[in-house]
Amino acid sequence: MDIISGLSDDLLVKILSFVPTKVAVSTSTLSKRWKYLWQWVPTLEYDDFQDITDIYFSTPSFPRYRVTVHKNLLSHRSPTIEALRLKFCLGSLHPEDIKQWVTIALSRSVRVLSITTCFSDYEPYSALLPSSLYTCETLVSLKLEGDKILVEAASCRLPSLKTLQLLYVTYSSEDSLRLLLSSCPVLENLVIKRDTTEDNVKVLAVDVVPSLQRLSLRIGFECSSDGCVIDTPSLKYLRVEDYRESPSYLIKHVPRLEEADIIVKKDLGEFLESVTSVKRLSLLVLLFNNEEESMYCSCIVFNQLQRLKLSIYSGDWSGLLFRLLSDSPKLRVLNLDCSQYDEYEYYGRISREDEGSVVPNCLLETLETFEFTGCKGRPQERKFLSFFFKSARCLKSTSILR
């Protein structure tokens with residue numbers, strides 16, 4: 001304690017910013033010097049699951065916790081709040097609390113704001129956000145999570161926002177998302193997750209953000225199949241996780257795309273036609289009923305592809321595997337993940353092909369690294385590996401794991 005007491009207040013505040021807010025507040029009882037130090041910490045985080053320590057999370061403790069959070073925010077002395085993270089999943093939060101607490105953070109020029117709520121499905125109300133949130137000039141990162149959070153963007157201007165996460169929220173209208181995105185002139189990273197048709201979005205359009213560099217979409221199987229439009233000329237990374245039976249995508253203009261991570265139930269070809277410029281590609285298709293379903297347009301060639309990860313989940317993958325290898329003349333790294341799949345009939349089929357005519361060029365000239373996860377040593381696997389190692393002439397590194 002003597003060594004710590006010799007440190008300056010600024011350094012002590014810096015140290016407190018690395019511990020949970022609950023711990024930082026508890027230091028106020030150490031001495032008179034420590035009583036108010038936590039009030040200058042620029043990062044605040046409140047998580048009712050972590051902070052409420054009653055063994056059964058009893059309901060009577062919830063009002064006390066709400067009062068404590070509100071009191072702490074009002075007594076906070078730092079002129080700026082670098083980050084405020086609120087996570088309430090035990091029913092301790094009331095919708096009006098969010099509006100009050102966010103307003104306090106906005107008055108302190110908050111830069112990072114994260115709100116996660118888990119209201120009961122039986123609660124009819126929504127958590128309204130203050131209108132000033134949508135015109136905050138200092139906000140750099142915004143995360144909103146929970147279907148009771150209502151996103152309204154009738155009047156919006158977020159000139160500094162670079163990262164936006166909209167996770168299972170509800171939009172006030174069909175145009176709310178588009179209006180919000182169009183009001184973020186420097187947005188670089190966008191994450192959108194949906195799992196219901198009740199979020200008031202039919203067509204998901206990401207076509208008004210020319211600065212966007214990273215886009216991640218997760219679409220649940222209950223969502224509308226009306227389509228998704230992506231037109232982002234600066235996009236470098238695309239992740240699509242879509243569990244619908246009939247997804248519809250229009251990917252117009254992604255000339256700078258370097259990496260794609262695609263997880264779909266089926267209809268893979270629709271995506272591959274739009275990501276031919278990538279250098280890194282990860283694929284997982286959940287359902288193939290036959291080999292034809294795994295195919296894609298014969299005109300597609302991945303001339304820049306250097307790293308390929310193929311996760312095998314179900315169905316017949318032999319055709320897709322060889323097509324991808326044949327259409328990737330510069331491939332250097334192949335990662336095959338079979339850890340979630342129990343049937344390997346396609347390996348036998350691969351090994352029976354005429355090796356002289358079907359060996360992909362990348363195996364002969366460029367492939368240097370091979371990683372195989374989920375190998376269980378079955379006869380079909382051994383046949384595949386025998387064919388692969390006979391054909392791959394430039395291998396420098398191999399990893400095979402169960």
# chains A, B, ... in the order shown; residues from 1 in each chain; ligands from 1
$ residues_around --residues "Lys99 (chain A)" --least-positions-apart "6" --cutoff "9 Å" --atoms "only C-alpha atoms" --output "VMD selection string"
chain A and resid 127 to 130
$ write_last_selection --atoms "N, CA and C atoms" --output "PDB file, in the first residue's frame"
ATOM      1  N   ALA A 127     -37.393   0.198 -25.060  1.00  0.00           N
ATOM      2  CA  ALA A 127     -36.437   1.115 -24.452  1.00  0.00           C
ATOM      3  C   ALA A 127     -36.139   2.233 -25.444  1.00  0.00           C
ATOM      4  N   LEU A 128     -36.654   3.408 -25.155  1.00  0.00           N
ATOM      5  CA  LEU A 128     -36.441   4.546 -26.043  1.00  0.00           C
ATOM      6  C   LEU A 128     -35.101   5.204 -25.732  1.00  0.00           C
ATOM      7  N   LEU A 129     -34.390   5.549 -26.775  1.00  0.00           N
ATOM      8  CA  LEU A 129     -33.115   6.235 -26.619  1.00  0.00           C
ATOM      9  C   LEU A 129     -33.328   7.734 -26.798  1.00  0.00           C
ATOM     10  N   PRO A 130     -32.543   8.559 -26.150  1.00  0.00           N
ATOM     11  CA  PRO A 130     -32.710  10.007 -26.311  1.00  0.00           C
ATOM     12  C   PRO A 130     -32.398  10.431 -27.736  1.00  0.00           C
TER      13      PRO A 130
END
$ residues_around --residues "region 112-116 of chain A" --least-positions-apart "3" --cutoff "7 Å" --atoms "only C-alpha atoms" --output "ChimeraX atom specification"
/A:82-88,139-146
$ write_last_selection --atoms "N, CA, C and O atoms" --output "JSON list (two decimals), in the first residue's frame"
[["chain", "number", "residue", "atom", "x", "y", "z"],
["A", 82, "GLU", "N", -15.07, 8.40, -21.56],
["A", 82, "GLU", "CA", -14.48, 7.72, -22.72],
["A", 82, "GLU", "C", -15.37, 6.58, -23.18],
["A", 82, "GLU", "O", -15.60, 6.40, -24.38],
["A", 83, "ALA", "N", -15.89, 5.80, -22.22],
["A", 83, "ALA", "CA", -16.72, 4.64, -22.59],
["A", 83, "ALA", "C", -17.74, 4.37, -21.49],
["A", 83, "ALA", "O", -17.41, 4.39, -20.31],
["A", 84, "LEU", "N", -18.97, 4.09, -21.92],
["A", 84, "LEU", "CA", -20.02, 3.64, -21.01],
["A", 84, "LEU", "C", -20.62, 2.37, -21.58],
["A", 84, "LEU", "O", -21.13, 2.36, -22.69],
["A", 85, "ARG", "N", -20.55, 1.29, -20.78],
["A", 85, "ARG", "CA", -21.09, 0.00, -21.21],
["A", 85, "ARG", "C", -22.13, -0.44, -20.21],
["A", 85, "ARG", "O", -21.84, -0.61, -19.02],
["A", 86, "LEU", "N", -23.35, -0.66, -20.70],
["A", 86, "LEU", "CA", -24.47, -1.07, -19.87],
["A", 86, "LEU", "C", -24.96, -2.43, -20.35],
["A", 86, "LEU", "O", -25.28, -2.59, -21.54],
["A", 87, "LYS", "N", -25.04, -3.40, -19.44],
["A", 87, "LYS", "CA", -25.54, -4.72, -19.78],
["A", 87, "LYS", "C", -26.47, -5.18, -18.67],
["A", 87, "LYS", "O", -26.03, -5.40, -17.54],
["A", 88, "PHE", "N", -27.75, -5.32, -19.01],
["A", 88, "PHE", "CA", -28.75, -5.69, -18.02],
["A", 88, "PHE", "C", -29.58, -6.85, -18.55],
["A", 88, "PHE", "O", -30.36, -6.69, -19.50],
["A", 139, "LEU", "N", -19.31, 10.62, -30.60],
["A", 139, "LEU", "CA", -19.47, 9.17, -30.56],
["A", 139, "LEU", "C", -18.68, 8.50, -31.68],
["A", 139, "LEU", "O", -18.87, 8.79, -32.86],
["A", 140, "VAL", "N", -17.79, 7.57, -31.29],
["A", 140, "VAL", "CA", -16.96, 6.85, -32.25],
["A", 140, "VAL", "C", -17.43, 5.41, -32.42],
["A", 140, "VAL", "O", -17.32, 4.84, -33.50],
["A", 141, "SER", "N", -17.95, 4.82, -31.35],
["A", 141, "SER", "CA", -18.40, 3.43, -31.40],
["A", 141, "SER", "C", -19.73, 3.31, -30.68],
["A", 141, "SER", "O", -19.89, 3.79, -29.55],
["A", 142, "LEU", "N", -20.69, 2.63, -31.32],
["A", 142, "LEU", "CA", -22.03, 2.47, -30.75],
["A", 142, "LEU", "C", -22.48, 1.03, -30.92],
["A", 142, "LEU", "O", -22.46, 0.48, -32.03],
["A", 143, "LYS", "N", -22.88, 0.42, -29.81],
["A", 143, "LYS", "CA", -23.43, -0.94, -29.84],
["A", 143, "LYS", "C", -24.79, -0.93, -29.16],
["A", 143, "LYS", "O", -24.93, -0.50, -28.01],
["A", 144, "LEU", "N", -25.82, -1.41, -29.87],
["A", 144, "LEU", "CA", -27.17, -1.53, -29.34],
["A", 144, "LEU", "C", -27.60, -2.99, -29.51],
["A", 144, "LEU", "O", -27.55, -3.52, -30.62],
["A", 145, "GLU", "N", -28.02, -3.62, -28.41],
["A", 145, "GLU", "CA", -28.38, -5.03, -28.48],
["A", 145, "GLU", "C", -29.63, -5.29, -27.66],
["A", 145, "GLU", "O", -29.72, -4.92, -26.49],
["A", 146, "GLY", "N", -30.61, -5.96, -28.29],
["A", 146, "GLY", "CA", -31.84, -6.31, -27.60],
["A", 146, "GLY", "C", -33.06, -5.89, -28.39],
["A", 146, "GLY", "O", -33.13, -4.76, -28.88]]
$ closest_residue --among "A:Pro95, A:Gly6, A:Pro185, A:Pro247" --to "Val209 (chain A)" --atoms "only C-alpha atoms"
A:Pro185
$ residues_around --residues "region 64-81 of chain A" --least-positions-apart "5" --cutoff "7 Å" --atoms "only C-alpha atoms" --output "PyMOL selection string"
chain A and resi 39-43+92-93+105+108-110
$ write_last_selection --atoms "C-alpha atoms" --output "mmCIF file, in the first residue's frame"
data_model
loop_
_atom_site.group_PDB
_atom_site.id
_atom_site.type_symbol
_atom_site.label_atom_id
_atom_site.label_comp_id
_atom_site.auth_asym_id
_atom_site.auth_seq_id
_atom_site.Cartn_x
_atom_site.Cartn_y
_atom_site.Cartn_z
ATOM 1 C CA GLN A 39 -15.262 9.363 -9.912
ATOM 2 C CA TRP A 40 -12.545 10.477 -12.340
ATOM 3 C CA VAL A 41 -12.260 7.130 -14.127
ATOM 4 C CA PRO A 42 -13.222 7.764 -17.792
ATOM 5 C CA THR A 43 -14.541 4.246 -18.489
ATOM 6 C CA SER A 92 -33.104 -5.088 -12.975
ATOM 7 C CA LEU A 93 -33.402 -2.368 -15.617
ATOM 8 C CA ALA A 105 -23.094 10.087 -20.970
ATOM 9 C CA ARG A 108 -19.969 14.189 -21.055
ATOM 10 C CA SER A 109 -18.952 13.766 -24.714
ATOM 11 C CA VAL A 110 -18.991 9.978 -24.611
#
$ select_by_dssp --residues "region 111-209 of chain A" --states "strand (DSSP E or B)" --output "ChimeraX atom specification"
/A:112-117,127-128,141-145,149-151,163-167,170-171,189-194,204-206
$ residues_around --residues "Tyr171 (chain A)" --least-positions-apart "4" --cutoff "6 Å" --atoms "only C-alpha atoms" --output "list in words"
Leu150, Val151, Ser176, Asp199 and Asn200 of chain A
$ write_last_selection --atoms "N, CA, C and O atoms" --output "CSV table (one decimal), in the first residue's frame"
chain,number,residue,atom,x,y,z
A,150,LEU,N,-35.6,0.3,-29.4
A,150,LEU,CA,-36.2,0.9,-30.5
A,150,LEU,C,-35.3,1.9,-31.2
A,150,LEU,O,-34.9,2.9,-30.6
A,151,VAL,N,-34.9,1.7,-32.4
A,151,VAL,CA,-34.0,2.6,-33.2
A,151,VAL,C,-34.8,3.5,-34.0
A,151,VAL,O,-35.6,3.1,-34.9
A,176,SER,N,-35.8,3.3,-41.1
A,176,SER,CA,-34.9,3.8,-40.0
A,176,SER,C,-33.5,3.4,-40.2
A,176,SER,O,-32.5,4.1,-40.0
A,199,ASP,N,-38.8,-7.0,-36.6
A,199,ASP,CA,-37.9,-5.9,-36.4
A,199,ASP,C,-38.2,-4.8,-37.4
A,199,ASP,O,-37.5,-3.7,-37.4
A,200,ASN,N,-39.2,-5.0,-38.2
A,200,ASN,CA,-39.7,-3.9,-39.2
A,200,ASN,C,-38.8,-3.7,-40.4
A,200,ASN,O,-38.9,-2.7,-41.0
$ select_by_dssp --residues "region 166-325 of chain A" --states "alpha helix (DSSP H)" --output "list in words"
Ser176, Leu177, Arg178, Leu179, Leu180, Leu181, Ser182, Gly269, Glu270, Phe271, Leu272, Ser318, Gly319, Leu320, Leu321, Phe322, Arg323, Leu324 and Leu325 of chain A
$ write_last_selection --atoms "N, CA and C atoms" --output "short mmCIF file (atom, residue, chain, number, x, y, z; two decimals), in the first residue's frame"
data_model
loop_
_atom_site.label_atom_id
_atom_site.label_comp_id
_atom_site.auth_asym_id
_atom_site.auth_seq_id
_atom_site.Cartn_x
_atom_site.Cartn_y
_atom_site.Cartn_z
N SER A 176 -35.76 3.34 -41.13
CA SER A 176 -34.90 3.78 -40.02
C SER A 176 -33.46 3.36 -40.19
N LEU A 177 -33.24 2.12 -40.59
CA LEU A 177 -31.86 1.64 -40.74
C LEU A 177 -31.13 2.40 -41.84
N ARG A 178 -31.78 2.59 -42.96
CA ARG A 178 -31.15 3.29 -44.07
C ARG A 178 -30.83 4.74 -43.69
N LEU A 179 -31.74 5.40 -42.98
CA LEU A 179 -31.51 6.77 -42.55
C LEU A 179 -30.33 6.85 -41.58
N LEU A 180 -30.26 5.88 -40.69
CA LEU A 180 -29.16 5.87 -39.73
C LEU A 180 -27.83 5.69 -40.44
N LEU A 181 -27.75 4.74 -41.35
CA LEU A 181 -26.50 4.49 -42.05
C LEU A 181 -26.07 5.67 -42.91
N SER A 182 -27.03 6.31 -43.53
CA SER A 182 -26.71 7.45 -44.40
C SER A 182 -26.22 8.65 -43.61
N GLY A 269 -23.56 -20.55 -54.49
CA GLY A 269 -23.11 -19.93 -55.72
C GLY A 269 -23.44 -18.46 -55.84
N GLU A 270 -24.56 -18.05 -55.27
CA GLU A 270 -24.97 -16.65 -55.33
C GLU A 270 -23.94 -15.74 -54.68
N PHE A 271 -23.25 -16.23 -53.64
CA PHE A 271 -22.24 -15.43 -52.96
C PHE A 271 -20.90 -15.48 -53.68
N LEU A 272 -20.53 -16.67 -54.14
CA LEU A 272 -19.21 -16.82 -54.74
C LEU A 272 -19.05 -15.96 -55.99
N SER A 318 -17.48 -33.23 -52.22
CA SER A 318 -16.35 -33.54 -53.08
C SER A 318 -16.27 -32.61 -54.28
N GLY A 319 -17.40 -32.36 -54.92
CA GLY A 319 -17.40 -31.50 -56.10
C GLY A 319 -16.97 -30.09 -55.77
N LEU A 320 -17.50 -29.54 -54.66
CA LEU A 320 -17.16 -28.18 -54.27
C LEU A 320 -15.68 -28.06 -53.92
N LEU A 321 -15.16 -29.03 -53.18
CA LEU A 321 -13.76 -28.99 -52.80
C LEU A 321 -12.85 -28.93 -54.02
N PHE A 322 -13.08 -29.80 -54.99
CA PHE A 322 -12.21 -29.84 -56.17
C PHE A 322 -12.44 -28.65 -57.08
N ARG A 323 -13.67 -28.16 -57.16
CA ARG A 323 -13.91 -26.96 -57.97
C ARG A 323 -13.14 -25.77 -57.40
N LEU A 324 -13.19 -25.61 -56.07
CA LEU A 324 -12.50 -24.49 -55.44
C LEU A 324 -10.98 -24.60 -55.64
N LEU A 325 -10.45 -25.79 -55.49
CA LEU A 325 -9.02 -25.97 -55.70
C LEU A 325 -8.64 -25.72 -57.16
#
$ atom_distance --atom1 "CA of Lys309 (chain A)" --atom2 "CA of Asn189 (chain A)"
23.0 Å
$ residues_around --residues "Asp242 (chain A)" --least-positions-apart "5" --cutoff "9 Å" --atoms "only C-alpha atoms" --output "PyMOL selection string"
chain A and resi 217-221+247+262-265
$ write_last_selection --atoms "N, CA and C atoms" --output "tab-separated table (two decimals), in the first residue's frame"
chain	number	residue	atom	x	y	z
A	217	LEU	N	-22.96	-9.63	-41.26
A	217	LEU	CA	-24.41	-9.81	-41.20
A	217	LEU	C	-24.73	-11.20	-40.65
A	218	ARG	N	-25.69	-11.27	-39.75
A	218	ARG	CA	-26.22	-12.54	-39.29
A	218	ARG	C	-27.74	-12.47	-39.42
A	219	ILE	N	-28.30	-13.38	-40.23
A	219	ILE	CA	-29.73	-13.37	-40.51
A	219	ILE	C	-30.33	-14.70	-40.05
A	220	GLY	N	-31.25	-14.65	-39.09
A	220	GLY	CA	-31.88	-15.86	-38.58
A	220	GLY	C	-32.88	-16.45	-39.55
A	221	PHE	N	-33.25	-17.71	-39.34
A	221	PHE	CA	-34.10	-18.42	-40.30
A	221	PHE	C	-35.53	-17.88	-40.32
A	247	PRO	N	-32.30	-17.45	-49.18
A	247	PRO	CA	-31.73	-16.10	-49.08
A	247	PRO	C	-31.57	-15.46	-50.46
A	262	ILE	N	-18.28	-16.85	-45.29
A	262	ILE	CA	-19.65	-17.13	-45.69
A	262	ILE	C	-20.16	-18.38	-44.99
A	263	ILE	N	-21.30	-18.23	-44.28
A	263	ILE	CA	-21.98	-19.36	-43.65
A	263	ILE	C	-23.44	-19.30	-44.11
A	264	VAL	N	-23.85	-20.28	-44.90
A	264	VAL	CA	-25.22	-20.30	-45.43
A	264	VAL	C	-25.77	-21.71	-45.35
A	265	LYS	N	-27.10	-21.78	-45.42
A	265	LYS	CA	-27.74	-23.08	-45.40
A	265	LYS	C	-27.62	-23.77	-46.75
$ atom_distance --atom1 "CA of His253 (chain A)" --atom2 "CA of Asp231 (chain A)"
5.1 Å
$ residues_around --residues "Ala392 (chain A)" --least-positions-apart "3" --cutoff "9 Å" --atoms "only C-alpha atoms" --output "JSON, numbers by chain"
{"A": [359, 362, 363, 364, 365, 366, 367, 368, 387, 388, 389, 395]}
$ atom_distance --atom1 "CA of Asp9 (chain A)" --atom2 "CA of Arg33 (chain A)"
8.9 Å
$ closest_residue --among "A:Asp10, A:Asp97, A:Asp261, A:Asp175" --to "Leu204 (chain A)" --atoms "only C-alpha atoms"
A:Asp175
$ closest_residue --among "A:Trp38, A:Ser28, A:Thr196, A:Cys297" --to "Val13 (chain A)" --atoms "only C-alpha atoms"
A:Trp38
$ residues_around --residues "region 283-285 of chain A" --least-positions-apart "5" --cutoff "12 Å" --atoms "only C-alpha atoms" --output "MDAnalysis selection string"
chainID A and resid 238:245 259:269 271:272 275 293:295 307:317 320:321 324 334:338 340:341
$ write_last_selection --atoms "N, CA and C atoms" --output "compact mmCIF listing (two decimals), in the first residue's frame"
# COMPACT_ATOMS: atom_id res chain seq x y z
N LEU A 238 -16.06 -9.05 -45.62
CA LEU A 238 -17.49 -9.34 -45.62
C LEU A 238 -17.73 -10.67 -44.91
N ARG A 239 -18.62 -10.65 -43.93
CA ARG A 239 -19.06 -11.88 -43.27
C ARG A 239 -20.58 -11.97 -43.39
N VAL A 240 -21.06 -13.09 -43.90
CA VAL A 240 -22.49 -13.33 -44.02
C VAL A 240 -22.80 -14.66 -43.37
N GLU A 241 -23.70 -14.63 -42.41
CA GLU A 241 -24.18 -15.83 -41.73
C GLU A 241 -25.70 -15.84 -41.88
N ASP A 242 -26.20 -16.66 -42.80
CA ASP A 242 -27.61 -16.61 -43.18
C ASP A 242 -28.22 -18.00 -43.09
N TYR A 243 -29.24 -18.15 -42.24
CA TYR A 243 -29.85 -19.45 -42.00
C TYR A 243 -31.22 -19.59 -42.65
N ARG A 244 -31.57 -18.70 -43.55
CA ARG A 244 -32.87 -18.79 -44.23
C ARG A 244 -32.85 -19.86 -45.31
N GLU A 245 -34.03 -20.35 -45.65
CA GLU A 245 -34.14 -21.37 -46.68
C GLU A 245 -33.84 -20.81 -48.07
N GLU A 259 -11.36 -10.21 -48.13
CA GLU A 259 -11.64 -11.38 -47.28
C GLU A 259 -13.14 -11.57 -47.14
N ALA A 260 -13.58 -12.82 -47.24
CA ALA A 260 -15.01 -13.14 -47.09
C ALA A 260 -15.15 -14.38 -46.22
N ASP A 261 -16.15 -14.33 -45.36
CA ASP A 261 -16.47 -15.44 -44.46
C ASP A 261 -17.96 -15.73 -44.65
N ILE A 262 -18.28 -16.85 -45.29
CA ILE A 262 -19.65 -17.13 -45.69
C ILE A 262 -20.16 -18.38 -44.99
N ILE A 263 -21.30 -18.23 -44.28
CA ILE A 263 -21.98 -19.36 -43.65
C ILE A 263 -23.44 -19.30 -44.11
N VAL A 264 -23.85 -20.28 -44.90
CA VAL A 264 -25.22 -20.30 -45.43
C VAL A 264 -25.77 -21.71 -45.35
N LYS A 265 -27.10 -21.78 -45.42
CA LYS A 265 -27.74 -23.08 -45.40
C LYS A 265 -27.62 -23.77 -46.75
N LYS A 266 -27.74 -22.99 -47.82
CA LYS A 266 -27.55 -23.50 -49.17
C LYS A 266 -27.41 -22.32 -50.12
N ASP A 267 -27.41 -22.59 -51.43
CA ASP A 267 -27.29 -21.53 -52.45
C ASP A 267 -25.98 -20.74 -52.32
N LEU A 268 -24.89 -21.47 -52.22
CA LEU A 268 -23.59 -20.84 -52.07
C LEU A 268 -23.17 -20.05 -53.30
N GLY A 269 -23.56 -20.55 -54.49
CA GLY A 269 -23.11 -19.93 -55.72
C GLY A 269 -23.44 -18.46 -55.84
N PHE A 271 -23.25 -16.23 -53.64
CA PHE A 271 -22.24 -15.43 -52.96
C PHE A 271 -20.90 -15.48 -53.68
N LEU A 272 -20.53 -16.67 -54.14
CA LEU A 272 -19.21 -16.82 -54.74
C LEU A 272 -19.05 -15.96 -55.99
N VAL A 275 -17.57 -12.56 -54.88
CA VAL A 275 -16.38 -12.43 -54.03
C VAL A 275 -15.13 -12.99 -54.72
N GLU A 293 -25.96 -29.27 -56.01
CA GLU A 293 -26.27 -28.10 -55.19
C GLU A 293 -25.01 -27.40 -54.71
N SER A 294 -23.89 -28.11 -54.69
CA SER A 294 -22.66 -27.51 -54.21
C SER A 294 -21.89 -26.77 -55.30
N MET A 295 -22.38 -26.82 -56.53
CA MET A 295 -21.66 -26.21 -57.64
C MET A 295 -21.97 -24.72 -57.77
N ARG A 307 -5.72 -17.99 -49.36
CA ARG A 307 -6.05 -18.79 -48.19
C ARG A 307 -7.51 -19.23 -48.28
N LEU A 308 -7.74 -20.53 -48.13
CA LEU A 308 -9.09 -21.08 -48.20
C LEU A 308 -9.34 -21.97 -46.99
N LYS A 309 -10.44 -21.68 -46.29
CA LYS A 309 -10.91 -22.55 -45.21
C LYS A 309 -12.26 -23.12 -45.61
N LEU A 310 -12.36 -24.43 -45.63
CA LEU A 310 -13.59 -25.11 -46.00
C LEU A 310 -14.05 -25.95 -44.82
N SER A 311 -15.17 -25.56 -44.23
CA SER A 311 -15.73 -26.29 -43.09
C SER A 311 -16.82 -27.23 -43.60
N ILE A 312 -16.67 -28.49 -43.29
CA ILE A 312 -17.58 -29.51 -43.80
C ILE A 312 -18.56 -29.86 -42.70
N TYR A 313 -19.84 -29.68 -43.00
CA TYR A 313 -20.88 -29.89 -42.00
C TYR A 313 -21.79 -31.06 -42.36
N SER A 314 -22.25 -31.09 -43.62
CA SER A 314 -23.12 -32.18 -44.04
C SER A 314 -23.17 -32.21 -45.56
N GLY A 315 -23.66 -33.31 -46.10
CA GLY A 315 -23.87 -33.43 -47.53
C GLY A 315 -22.63 -33.83 -48.31
N ASP A 316 -22.72 -33.64 -49.62
CA ASP A 316 -21.68 -34.07 -50.54
C ASP A 316 -20.81 -32.88 -50.91
N TRP A 317 -19.55 -32.91 -50.45
CA TRP A 317 -18.66 -31.77 -50.65
C TRP A 317 -17.56 -32.03 -51.67
N LEU A 320 -17.50 -29.54 -54.66
CA LEU A 320 -17.16 -28.18 -54.27
C LEU A 320 -15.68 -28.06 -53.92
N LEU A 321 -15.16 -29.03 -53.18
CA LEU A 321 -13.76 -28.99 -52.80
C LEU A 321 -12.85 -28.93 -54.02
N LEU A 324 -13.19 -25.61 -56.07
CA LEU A 324 -12.50 -24.49 -55.44
C LEU A 324 -10.98 -24.60 -55.64
N LEU A 334 -4.50 -24.13 -47.37
CA LEU A 334 -5.78 -24.83 -47.37
C LEU A 334 -6.06 -25.34 -45.96
N ASN A 335 -7.21 -24.94 -45.42
CA ASN A 335 -7.65 -25.40 -44.11
C ASN A 335 -8.94 -26.17 -44.29
N LEU A 336 -8.91 -27.45 -43.97
CA LEU A 336 -10.08 -28.32 -44.09
C LEU A 336 -10.55 -28.68 -42.69
N ASP A 337 -11.78 -28.30 -42.34
CA ASP A 337 -12.31 -28.52 -41.00
C ASP A 337 -13.48 -29.49 -41.05
N CYS A 338 -13.27 -30.68 -40.54
CA CYS A 338 -14.31 -31.71 -40.52
C CYS A 338 -14.75 -32.05 -39.11
N GLN A 340 -17.08 -31.12 -37.28
CA GLN A 340 -18.50 -31.22 -36.99
C GLN A 340 -19.23 -32.16 -37.94
N TYR A 341 -18.48 -32.98 -38.66
CA TYR A 341 -19.10 -33.83 -39.67
C TYR A 341 -18.67 -35.27 -39.47
$ decode --residues "region 37-52 of chain A" --atoms "C-alpha atoms" --output "short mmCIF file (atom, residue, chain, number, x, y, z; two decimals), in the first residue's frame"
data_model
loop_
_atom_site.label_atom_id
_atom_site.label_comp_id
_atom_site.auth_asym_id
_atom_site.auth_seq_id
_atom_site.Cartn_x
_atom_site.Cartn_y
_atom_site.Cartn_z
CA LEU A 37 -10.69 8.91 -7.13
CA TRP A 38 -13.03 6.45 -8.88
CA GLN A 39 -15.26 9.36 -9.91
CA TRP A 40 -12.54 10.48 -12.34
CA VAL A 41 -12.26 7.13 -14.13
CA PRO A 42 -13.22 7.76 -17.79
CA THR A 43 -14.54 4.25 -18.49
CA LEU A 44 -17.65 2.91 -16.77
CA GLU A 45 -19.21 -0.54 -17.06
CA TYR A 46 -22.34 -1.85 -15.36
CA ASP A 47 -23.39 -5.49 -15.77
CA ASP A 48 -26.17 -6.63 -13.45
CA PHE A 49 -25.26 -10.32 -13.85
CA GLN A 50 -21.69 -9.65 -12.74
CA ASP A 51 -22.43 -6.94 -10.18
CA ILE A 52 -25.45 -8.33 -8.31
#
